[in-house]
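*Asks:* One structure coming up, written as structure tokens, with questions to follow.
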Amino acid sequence: MNDHIIKNTPNLRFLSNEAIERVHESSIQLLEDVGVTVESGEALNILREGGADIDESRKKAKIPSSLIEEALRKTPHRLTVYSRDGKHNLNLTENNVYFDPGSAAISLLDYGEEEPRPPTLKDVRDFAVVVDSLKNIQAQSTALVPMDLPENLRDRIRLYVVLKYSTKPVVTGAFTVEGISDMKHMLEIVSDGRSLKLRPTAIFDVCPSPPLKWSHLAARNLMDCAEAGLPVELVSMPQTSATAPATLAGCLIQHNAEVLSGIAMVQLTAAGTPVIYGGSPALFDPRHGTSVMASPEVLLICCGYVDIAKHYGLPTHAYLGMSDAKVIDYQAGFETALGALIGALKGINIISGAGMIEFERCQSLEKLVLDEEICGYVYRIARGIDMDEETPMTQLFQDATAKGHFLSQRHTVEWLRREQHTPSQLVDRRDRSTWRALGGLDALKRARTRVKEILSHHQPEPLQPDVEKELNKFAVSICRPHGLPHLMV
Amino acid sequence: MSIEMSKNSRMKENELLGEIRRAVIAYDEKTAVEAVKTTLELGMSPKRVLEEGLITGIQEVGNLFAQEKIFIPEVMLSAEVFNLAVKLIRPAILSKGEEVEIPGTVLIGTVAGDIHDLGKSLVATLLTASGFEVLDLGTDVSAEVFVRKVRELNPDVLALSALMSTSMLEQREVIRSLIKEGLRSSVKVIVGGAPVTDEWSDQIGADGYAPNAHEAVDLVKRILKKG
């Protein structure tokens with residue numbers, strides 16, 4: 001049984017068909033009347049050629065609805081992202097759900113510490129190894145930014161490490177304009193001669209700057225990915241009450257307009273480039289001025305835009321299943337579980353966030369393995385209630401009532417494993433006395449032990465020796481100009 | 001020629017023992033019963049069939065359970081097959097007068113006024129899977145029946161289960177009856193069930209209490225070692 005193909009999922013809807021239509025119309029109107037700011041001359045040029053009304057001095061593009069409709073028609077409705085070994089492919093369509101860690105954290109919270117620290121290259125490796133071992137986290141992300149490297153190497157080298165230590169597909173992104181071509185080259189080395197266009201192994205996040213703006217970097221990344229045939233995940237980030245309207249409906253209109261303008265640029269660059277309709281909306285906390293990522297309103301915005309994306313027939317993504325807590329505590333658990341569960345029941349194809357706390361800034365290995373358990377619960381709930389069983393109930397109940405219980409019925413043995421999700425020992429289901437006898441450990445302490453076990457035992461499938469040699473050689477070649485003679489990882 | 005034959009029959013015997021072990025593990029009642037009958041027809045030592053076939057098989061079930069490779073329902077089904085096969089082979093052991101090394105016999109039941117079966121059955125199953133001979137009297141068992149069975153069967157341990165705080169009091173009644181009949185010193189008494197505590201066990205003069213089925217097995221092993 002493939003856990004990620006979801007059959008009996010309760011189908012959550014947050015927007016009616018009329019509401020979807022209204023948001024669509026309003027965002028089209030917004031793109032026509034207000035337009036988007038695009039800080040790239042090249043991107044403005046292709047928009048002009050596509051029929052947009054360009055105000056060169058203000059770098060504004062007013063995009064006609066016909067251009068948007070045409071771009072939507074050209075965007076594929078499904079996308080498969082391949083793993084190196086072919087065993088963890090992401091089939092991004094319908095209500096399939098895959099989890100990946102929250103990405104690009106600039107700090108790491110070690111077990112037992114209250115203050116996080118900057119991640120290093122070695123942390124990037126450890127993180128990739130742990131993700132590689134987890135069943136319910138189907139994709140890697142370039143989760144940590146190695147702060148011990150020169151700034152403009154960080155995007156590429158974190159991908160290098162992940163490609164080396166895991167077979168899983170990667171959700172990544174570039175922090176630099178030149179990043180895309182180097183990262184593409186690394187993916188090509190690992191693909192070992194197979195076409196990345198036909199067989200993509202990574203997804204590139206590109207984020208507009210709210211409200212309604214594409215930075216030079218983002219616009220270039222969009223075009224470069226499209227030219228290279230790399231799938232683009234458009235991650236719009238409206239912050240309600242600050243960089244987006246205070247109404248959730250207003251946020252949805254902005255979100256949709258930003259994503260649609262991105263789709264237009266991608267399809268104008270290279271028609272047929274796969275695009276994932278994603279997002280990482282936030283809430284401006286009016287008391288503290290913080291950018292909250294795991295609030296109920298954020299969850300609602302995600303589910304709202306996913307309703308719209310599904311109406312367009314596009315693969316979907318959201319940043320959910322994480323927390324804004326500062327340590328791995330009760331808040332960290334409940335915020336993560338709520339987001340992951342609702343996201344899965346909404347049928348969001350990629351849910352990014354595992355391991356993450358503190359406004360998408362901070363990662364934790366212990367939280368990552370605990371979040372794996374949340375994902376296990378979520379998959380079970382999303383699998384719903386199986387009504388296919390054809391056992392005659394009369395006989396079963398006659399036998400069981402004679403014994404007083406169902407325990408020693410063959411029916412029980414046959415169905416128990418199918419019906420019950422068996423969590424790992426990270427989830428405590430023992431009686432108190434046994435729990436105490438085993439050390440009386442809380443979830444975080446158990447997670448600490450699990451992380452240690454994985455790091456000392458899990459062996460990711462290595463690259464072919466010649467492929468690894470070439471990848472190393474390339475990584476060193478991009479590091480050398482920055483005064484790094486070799487990479488110790 | 002005769003060496004060849006005995007070699008063949010030894011191979012056949014080993015095959016049958018393997019089949020019995022596998023049948024216990026796979027809770028395959030039919031195969032287990034047939035194989036045990038064949039061993040009797042062949043005149044094999046019933047002691048050997050019990051020890052190297054059935055007990056080794058059920059102990060492997062216990063190991064698999066400890067490793068979480070199988071779950072309680074499978075252990076229960078295996079224990080049922082085991083108990084059935086033991087019943088088949090017991091008369092042969094008695095008639096041959098063979099001494100069988102069993103870690104111990106446990107008489108178990110839920111006390112009068114209480115029809116809860118599950119906890120008691122779990123304990124019985126795990127004891128069986130640890131190689132103990134378990135005689136399960138079922139639920140709602142009166143003190144009188146417990147006493148009679150202790151006298152008849154002379155078990156090493158008597159295990160009394162109660163789920164309710166009201167029926168728990170009956171555990172004390174059973175112990176009082178054993179004392180009255182002069183049987184208390186012949187058997188170790190252990191108590192269990194949701195409301196039961198160490199304090200209650202001490203208060204009523206039981207030999208021990210365990211909070212769950214796993215610890216019940218450890219408890220039985222511990223008190224039998226003490227003698």
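Letters A, B, ... mark the chains of the structure tokens in the order given; residue numbers begin at 1 per chain; ligand numbers begin at 1, in order shown.
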Dump as a compact mmCIF listing (two decimals) with N, CA and C atoms, in the first residue's frame the residues of chain A that approach chain B to within 8 Å, counting only C-alpha atoms.
*Replies:*
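See result-v2.txt below for the written result:
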```
# COMPACT_ATOMS: atom_id res chain seq x y z
N GLY A 404 -15.56 -13.81 24.55
CA GLY A 404 -15.54 -12.60 25.36
C GLY A 404 -14.65 -11.51 24.81
N HIS A 405 -13.89 -11.82 23.78
CA HIS A 405 -13.05 -10.77 23.17
C HIS A 405 -12.68 -11.14 21.73
N LEU A 407 -9.56 -10.71 20.58
CA LEU A 407 -8.11 -10.78 20.46
C LEU A 407 -7.61 -11.98 19.66
N SER A 408 -8.16 -13.15 19.94
CA SER A 408 -7.61 -14.32 19.26
C SER A 408 -8.47 -14.76 18.07
N GLN A 409 -9.04 -13.76 17.38
CA GLN A 409 -9.74 -14.05 16.12
C GLN A 409 -8.75 -13.88 14.96
N ARG A 410 -8.81 -14.77 14.01
CA ARG A 410 -7.95 -14.62 12.85
C ARG A 410 -8.24 -13.30 12.12
N THR A 412 -8.89 -10.57 13.48
CA THR A 412 -8.13 -9.52 14.18
C THR A 412 -6.69 -9.47 13.67
N VAL A 413 -6.08 -10.65 13.62
CA VAL A 413 -4.69 -10.70 13.16
C VAL A 413 -4.59 -10.18 11.72
N ASP A 431 2.20 1.25 29.70
CA ASP A 431 1.62 1.60 30.99
C ASP A 431 2.69 2.32 31.82
N SER A 433 4.03 1.94 34.69
CA SER A 433 5.09 1.20 35.37
C SER A 433 6.21 0.80 34.39
```
*Asks:* Taking 5 positions as the minimum chain separation for residues in the same chain, which residues sit within 8 Å of Leu159 in chain A when counting only C-alpha atoms? Answer as a list of chain:residue names.
*Replies:*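 Those residues are A:Thr142, A:Thr172, A:Met183.
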*Asks:* Please dump the current selection as a PDB file, in the first residue's frame; keep N, CA and C atoms.
*Replies:*
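Saved result, again.pdb, follows:
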```
ATOM      1  N   THR A 142      16.848  21.706   1.332  1.00  0.00           N
ATOM      2  CA  THR A 142      18.139  22.220   1.767  1.00  0.00           C
ATOM      3  C   THR A 142      17.846  23.018   3.036  1.00  0.00           C
ATOM      4  N   THR A 172      14.526  22.891  -3.045  1.00  0.00           N
ATOM      5  CA  THR A 172      15.634  23.796  -2.775  1.00  0.00           C
ATOM      6  C   THR A 172      15.328  25.176  -3.345  1.00  0.00           C
ATOM      7  N   MET A 183      23.659  24.967  -9.444  1.00  0.00           N
ATOM      8  CA  MET A 183      22.847  23.923  -8.819  1.00  0.00           C
ATOM      9  C   MET A 183      22.319  22.959  -9.884  1.00  0.00           C
TER      10      MET A 183
END
```
*Asks:* At what distance in Å, to one decimal, does CA of Lys197 in chain A lie from CA of Pro64 in chain A?
*Replies:*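 According to the coordinates, CA of Pro64 in chain A and CA of Lys197 in chain A are separated by 29.3 Å.
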*Asks:* Taking the chain letters and numbering used in this document, name the residues of range 43-274 of chain A that DSSP puts in strand (DSSP E), as a VMD selection string.
*Replies:* chain A and resid 53 to 55 60 to 62 79 to 81 90 to 92 98 to 101 107 to 108 140 to 141 170 to 172 202 to 206 213 to 214 232 to 236 239 to 240
*Asks:* How many Å lie between CA of Ala112 in chain B and CA of Ile204 in chain B, rounded to one decimal?
*Replies:*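 Calculated distance between CA of Ala112 in chain B and CA of Ile204 in chain B is 16.6 Å.
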*Asks:* Which residues come within 8 Å of Leu365 in chain A, counting only C-alpha atoms, excluding same-chain residues fewer than 6 positions away, as a ChimeraX atom specification?
*Replies:* /A:109-110,127,130,355,451
*Asks:* Write out as a ChimeraX atom specification which residues come within 12 Å of range 4-14 of chain B when counting only C-alpha atoms, dropping same-chain ones fewer than 4 positions away.
*Replies:* /B:18-21,35-36,38-46,48-49,52-53
*Asks:* May I have the residues within 7 Å of Asp148 in chain A as a list in words, using only C-alpha atoms and disregarding those fewer than 2 positions away in the same chain?
*Replies:*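 Listed by chain and then number, they are Thr120, Leu121, Pro146 and Pro150 of chain A.
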*Asks:* Apply DSSP to the backbone of this structure and, from range 74-139 of chain B, keep only the residues in alpha helix (DSSP H); write these as JSON, numbers by chain.
*Replies:* {"B": [74, 75, 76, 77, 78, 79, 80, 81, 82, 83, 84, 85, 86, 87, 88, 89, 90, 91, 92, 93, 94, 95, 96, 118, 119, 120, 121, 122, 123, 124, 125, 126, 127, 128, 129]}
*Asks:* Select, from A:Asp205, A:Glu360, A:Glu468, A:Glu69, the residue with the minimum atom-to-atom distance to Pro231 in chain A, counting only C-alpha atoms.
*Replies:*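 Among the listed residues, the smallest separation from Pro231 in chain A belongs to A:Asp205.
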*Asks:* Please report the interatomic distance between CA of Val170 in chain A and CA of Glu358 in chain A in Å with one decimal.
*Replies:*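 So the two atoms, CA of Val170 in chain A and CA of Glu358 in chain A, lie 22.6 Å apart.
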*Asks:* Can you list, as an MDAnalysis selection string, every protein, DNA or RNA residue that comes within 12 Å of Leu127 in chain B when you count only C-alpha atoms, leaving out same-chain residues fewer than 4 positions away?
*Replies:* chainID B and resid 55 58:59 61:62 75:76 79 83 102:108 120:123 131:136 157 159 213:221
*Asks:* Take the residues just selected and output them with N, CA and C atoms as an mmCIF file, in the first residue's frame.
*Replies:*
```cif
data_model
loop_
_atom_site.group_PDB
_atom_site.id
_atom_site.type_symbol
_atom_site.label_atom_id
_atom_site.label_comp_id
_atom_site.auth_asym_id
_atom_site.auth_seq_id
_atom_site.Cartn_x
_atom_site.Cartn_y
_atom_site.Cartn_z
ATOM 1 N N ILE B 55 7.231 -26.456 23.390
ATOM 2 C CA ILE B 55 7.732 -25.395 24.281
ATOM 3 C C ILE B 55 8.731 -24.507 23.542
ATOM 4 N N ILE B 58 6.701 -22.189 21.358
ATOM 5 C CA ILE B 58 5.976 -21.096 22.025
ATOM 6 C C ILE B 58 6.961 -20.088 22.618
ATOM 7 N N GLN B 59 8.149 -20.560 22.991
ATOM 8 C CA GLN B 59 9.158 -19.609 23.480
ATOM 9 C C GLN B 59 9.643 -18.693 22.359
ATOM 10 N N VAL B 61 7.756 -17.777 19.946
ATOM 11 C CA VAL B 61 6.655 -16.803 19.830
ATOM 12 C C VAL B 61 6.864 -15.663 20.832
ATOM 13 N N GLY B 62 7.236 -16.038 22.061
ATOM 14 C CA GLY B 62 7.508 -15.033 23.087
ATOM 15 C C GLY B 62 8.638 -14.101 22.674
ATOM 16 N N VAL B 75 0.149 -13.873 19.405
ATOM 17 C CA VAL B 75 0.642 -14.670 20.531
ATOM 18 C C VAL B 75 -0.510 -15.493 21.107
ATOM 19 N N MET B 76 -1.690 -14.879 21.197
ATOM 20 C CA MET B 76 -2.851 -15.581 21.744
ATOM 21 C C MET B 76 -3.237 -16.771 20.885
ATOM 22 N N ALA B 79 -0.762 -19.424 21.444
ATOM 23 C CA ALA B 79 -0.945 -20.038 22.758
ATOM 24 C C ALA B 79 -2.118 -21.019 22.729
ATOM 25 N N ASN B 83 -1.732 -24.864 23.686
ATOM 26 C CA ASN B 83 -2.503 -25.510 24.751
ATOM 27 C C ASN B 83 -3.238 -26.751 24.250
ATOM 28 N N ILE B 102 9.326 -28.218 33.253
ATOM 29 C CA ILE B 102 8.571 -27.014 32.924
ATOM 30 C C ILE B 102 8.947 -25.979 33.976
ATOM 31 N N PRO B 103 9.121 -24.732 33.579
ATOM 32 C CA PRO B 103 9.504 -23.740 34.583
ATOM 33 C C PRO B 103 8.483 -23.629 35.713
ATOM 34 N N GLY B 104 7.240 -24.014 35.449
ATOM 35 C CA GLY B 104 6.253 -23.962 36.521
ATOM 36 C C GLY B 104 4.844 -24.014 35.976
ATOM 37 N N THR B 105 3.883 -24.315 36.856
ATOM 38 C CA THR B 105 2.489 -24.296 36.428
ATOM 39 C C THR B 105 1.768 -23.156 37.136
ATOM 40 N N VAL B 106 0.902 -22.510 36.374
ATOM 41 C CA VAL B 106 0.168 -21.372 36.913
ATOM 42 C C VAL B 106 -1.326 -21.608 36.713
ATOM 43 N N LEU B 107 -2.065 -21.504 37.813
ATOM 44 C CA LEU B 107 -3.523 -21.559 37.743
ATOM 45 C C LEU B 107 -4.000 -20.104 37.749
ATOM 46 N N ILE B 108 -4.843 -19.768 36.773
ATOM 47 C CA ILE B 108 -5.230 -18.356 36.667
ATOM 48 C C ILE B 108 -6.726 -18.220 36.464
ATOM 49 N N LYS B 120 -6.648 -10.879 32.241
ATOM 50 C CA LYS B 120 -6.312 -12.234 32.678
ATOM 51 C C LYS B 120 -5.795 -13.051 31.506
ATOM 52 N N SER B 121 -6.474 -12.949 30.341
ATOM 53 C CA SER B 121 -6.054 -13.717 29.171
ATOM 54 C C SER B 121 -4.685 -13.268 28.669
ATOM 55 N N LEU B 122 -4.425 -11.969 28.774
ATOM 56 C CA LEU B 122 -3.104 -11.461 28.364
ATOM 57 C C LEU B 122 -2.007 -12.066 29.219
ATOM 58 N N VAL B 123 -2.241 -12.076 30.529
ATOM 59 C CA VAL B 123 -1.248 -12.643 31.439
ATOM 60 C C VAL B 123 -1.061 -14.132 31.130
ATOM 61 N N GLY B 131 6.804 -20.328 28.443
ATOM 62 C CA GLY B 131 7.053 -21.741 28.722
ATOM 63 C C GLY B 131 6.346 -22.271 29.961
ATOM 64 N N PHE B 132 5.581 -21.427 30.636
ATOM 65 C CA PHE B 132 4.841 -21.922 31.796
ATOM 66 C C PHE B 132 3.635 -22.729 31.335
ATOM 67 N N GLU B 133 3.270 -23.700 32.174
ATOM 68 C CA GLU B 133 2.025 -24.404 31.912
ATOM 69 C C GLU B 133 0.923 -23.607 32.596
ATOM 70 N N VAL B 134 -0.040 -23.170 31.807
ATOM 71 C CA VAL B 134 -1.067 -22.287 32.348
ATOM 72 C C VAL B 134 -2.431 -22.964 32.303
ATOM 73 N N LEU B 135 -3.106 -22.973 33.428
ATOM 74 C CA LEU B 135 -4.452 -23.533 33.493
ATOM 75 C C LEU B 135 -5.396 -22.373 33.756
ATOM 76 N N ASP B 136 -6.179 -22.063 32.742
ATOM 77 C CA ASP B 136 -7.034 -20.872 32.811
ATOM 78 C C ASP B 136 -8.449 -21.286 33.193
ATOM 79 N N VAL B 157 1.783 -21.586 41.129
ATOM 80 C CA VAL B 157 1.310 -20.212 41.333
ATOM 81 C C VAL B 157 -0.191 -20.135 41.074
ATOM 82 N N ALA B 159 -2.897 -17.227 40.165
ATOM 83 C CA ALA B 159 -2.967 -15.814 39.748
ATOM 84 C C ALA B 159 -4.421 -15.367 39.732
ATOM 85 N N ALA B 213 1.041 -7.276 32.087
ATOM 86 C CA ALA B 213 1.260 -8.684 31.753
ATOM 87 C C ALA B 213 2.746 -9.039 31.681
ATOM 88 N N HIS B 214 3.557 -8.123 31.144
ATOM 89 C CA HIS B 214 4.996 -8.393 31.062
ATOM 90 C C HIS B 214 5.588 -8.603 32.443
ATOM 91 N N GLU B 215 5.221 -7.666 33.340
ATOM 92 C CA GLU B 215 5.789 -7.757 34.688
ATOM 93 C C GLU B 215 5.218 -8.941 35.448
ATOM 94 N N ALA B 216 4.018 -9.397 35.073
ATOM 95 C CA ALA B 216 3.454 -10.588 35.701
ATOM 96 C C ALA B 216 4.350 -11.795 35.414
ATOM 97 N N VAL B 217 4.860 -11.863 34.179
ATOM 98 C CA VAL B 217 5.753 -12.970 33.816
ATOM 99 C C VAL B 217 7.028 -12.888 34.662
ATOM 100 N N ASP B 218 7.595 -11.673 34.744
ATOM 101 C CA ASP B 218 8.804 -11.492 35.555
ATOM 102 C C ASP B 218 8.546 -11.857 37.010
ATOM 103 N N LEU B 219 7.370 -11.457 37.487
ATOM 104 C CA LEU B 219 6.999 -11.724 38.882
ATOM 105 C C LEU B 219 6.954 -13.229 39.148
ATOM 106 N N VAL B 220 6.298 -13.972 38.255
ATOM 107 C CA VAL B 220 6.190 -15.421 38.436
ATOM 108 C C VAL B 220 7.590 -16.045 38.439
ATOM 109 N N LYS B 221 8.430 -15.610 37.492
ATOM 110 C CA LYS B 221 9.798 -16.141 37.441
ATOM 111 C C LYS B 221 10.528 -15.862 38.758
#
```
*Asks:* List the spatial neighbours of Ala43 in chain A as a list in words - criterion: any atom at most 10 Å away, only C-alpha atoms, same-chain residues fewer than 4 positions off excluded.
*Replies:*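 Listed by chain and then number, they are Val38, Glu39, Leu47, Arg48, Glu49, Ala61, Trp214, His216, Ala219, Arg220, Leu222, Met223, Met265, Val266, Leu268 and Thr269 of chain A.
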*Asks:* For Arg22 in chain A, which residue among A:Pro118, A:Gly250, A:Pro281, A:Gly86 is the nearest when counting only C-alpha atoms?
*Replies:*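 Of all the options, A:Gly250 lies closest to Arg22 in chain A.
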